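**Q** Can you read through this structure? Questions will come right after.
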Amino acid sequence: MAFTADEIEYIRTQPLARVATVSADGQPDAVPVGFQFDGRDFYIGGYDPTNTRRARNIRSGNHKVALVIDDLASTRPWVPRYLRVYGTAELVSHRGQDIMKVTPVTSWSVNIDGGIPAGGPSYTPKKTVHARA
C-alpha cells in the first residue's frame with residue numbers, strides 16, 4: 001500500500017518534521033527538520049547535511065529511522081493530528097552533498113482531516129504497511 005490522498009495532502013501542507021536516528025552506541029537522537037516529499041519517499045537535507053549527527057548515524061550502519069509530522073488543527077478544542085513513519089534511511093548524493101532519503105516501511109496516521117471525533121477526543125491510528133516492488 002501507499003499513502004492515501006488525504007495523507008499526501010497533509011504531508012505537503014507541513015513545513016516541519018522530526019526525525020530520529022540511532023548512534024553506533026545506541027543513543028537515540030531526534031531533531032526537527034525541513035523535508036521534501038516525492039509522493040513516496042522523504043528527503044532531508046539542510047545546512048551542511050553531510051556533517052550532521054543523523055548522517056553519521058546512518059554511515060555507522062544504523063539505517064532504521066522514525067519520522068513524525070504533526071500539528072494541532074485546533075487548541076480549543078484540543079485537536080491533534082499526525083503522521084508517524086518507521087522506515088529505512090540511506091544517504092544519497094544531491095548537489096555534491098549527502099542528504100537523507102527515508103523509505104517508509106510502516107506508517108500510522110491520526111486525525112489527518114483535523115476533525116473532532118464523535119464522542120470526544122478518542123483517536124484510532126490508521127496503520128499502513130508500505131509495499132515495495
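Chains: A, B, ... in order of the C-alpha cells. Residues: from 1 per chain. Ligands: from 1, in order shown.
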Quick one: DSSP alpha helix (DSSP H) residues in region 12-107 of chain A, as a count of residues only?

**A** 9

**Q** Determine, counting only C-alpha atoms, which protein, DNA and RNA residues have an atom within 9 Å of an atom of region 84-93 of chain A; residues of the same chain fewer than 5 positions away are not included. Present the result as a list of chain:residue names.

**A**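 Near neighbours after the sequence-gap exclusion: A:Thr21, A:Thr50, A:Ala55, A:Ile58, A:Arg59, A:Asn62, A:His63, A:Lys64, A:Val65, A:Ala66, A:Leu67, A:Val68, A:Ile69, A:Asp70, A:Asp98, A:Ile99, A:Met100, A:Lys101, A:Val102, A:Thr103, A:Pro104, A:Val105, A:Thr106, A:Ser107, A:Trp108, A:Ser109, A:Val110.
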
**Q** Using only C-alpha atoms for the distances, tell me which of A:Arg12, A:His94, A:Arg54, A:Arg81 is nearest to Pro125 (chain A).

**A**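 For Pro125 (chain A), the nearest of the candidates is A:Arg81.
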
**Q** Excluding Thr4 (chain A) and its own-chain neighbours fewer than 5 positions away, which residues fall within 12 Å of it when counting only C-alpha atoms? Please give them as a list in words.

**A**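 Close residues of Thr4 (chain A): Glu9, Tyr10, Ile11, Gly39, Arg40, Leu83, Ser107, Trp108, Ser109, Ile112, Asp113, Lys126, Lys127, Thr128, Val129 and His130 of chain A.
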
**Q** Just write the chosen residues, C-alpha atoms, as a PDB file, in the first residue's frame.

**A**
```pdb
ATOM      1  CA  GLU A   9      -2.193  16.390   1.062  1.00  0.00           C
ATOM      2  CA  TYR A  10      -1.461  16.694   4.792  1.00  0.00           C
ATOM      3  CA  ILE A  11       2.256  15.964   4.315  1.00  0.00           C
ATOM      4  CA  GLY A  39       4.788  11.120  -3.036  1.00  0.00           C
ATOM      5  CA  ARG A  40       6.605   8.044  -1.814  1.00  0.00           C
ATOM      6  CA  LEU A  83       1.640  11.027  10.593  1.00  0.00           C
ATOM      7  CA  SER A 107       3.149   4.424   8.855  1.00  0.00           C
ATOM      8  CA  TRP A 108       0.349   5.466  11.164  1.00  0.00           C
ATOM      9  CA  SER A 109      -1.873   8.486  10.694  1.00  0.00           C
ATOM     10  CA  ILE A 112      -5.414  13.770   9.277  1.00  0.00           C
ATOM     11  CA  ASP A 113      -8.596  15.671   8.364  1.00  0.00           C
ATOM     12  CA  LYS A 126      -4.684   4.124  10.704  1.00  0.00           C
ATOM     13  CA  LYS A 127      -1.790   1.754  10.005  1.00  0.00           C
ATOM     14  CA  THR A 128      -0.277   1.247   6.553  1.00  0.00           C
ATOM     15  CA  VAL A 129       2.406  -1.230   5.550  1.00  0.00           C
ATOM     16  CA  HIS A 130       4.206   0.194   2.530  1.00  0.00           C
TER      17      HIS A 130
END
```

**Q** Could you give me, as number ranges by chain, each residue of region 15-127 of chain A that DSSP assigns to strand (DSSP E) when run on this structure's backbone?

**A** A: 17-22, 28-33, 36-37, 42-44, 64-75, 78-94, 97-110, 126-127

**Q** Have a look at CA of Gly45 (chain A) and CA of Ser23 (chain A) and let me know their distance in Å, one decimal.

**A**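 One can read the CA of Gly45 (chain A) to CA of Ser23 (chain A) distance as 18.5 Å.
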
**Q** Select, from A:Gly114, A:Pro49, A:Pro15, A:Pro32, the residue with the minimum atom-to-atom distance to Ala73 (chain A), counting only C-alpha atoms.

**A**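 With only C-alpha atoms as the atom set, the closest residue is A:Gly114.
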
**Q** From the list A:Leu16, A:Leu72, A:Ala131, A:Val79, which residue is nearest Val33 (chain A) when using only C-alpha atoms?

**A**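 Smallest distance to Val33 (chain A) is found for A:Leu16.
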
**Q** Just to confirm, what's the straight-line distance from CA of Ser60 (chain A) to CA of Asp25 (chain A) in Å (one decimal)?

**A**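 Straight-line distance from CA of Ser60 (chain A) to CA of Asp25 (chain A) works out to 9.7 Å.
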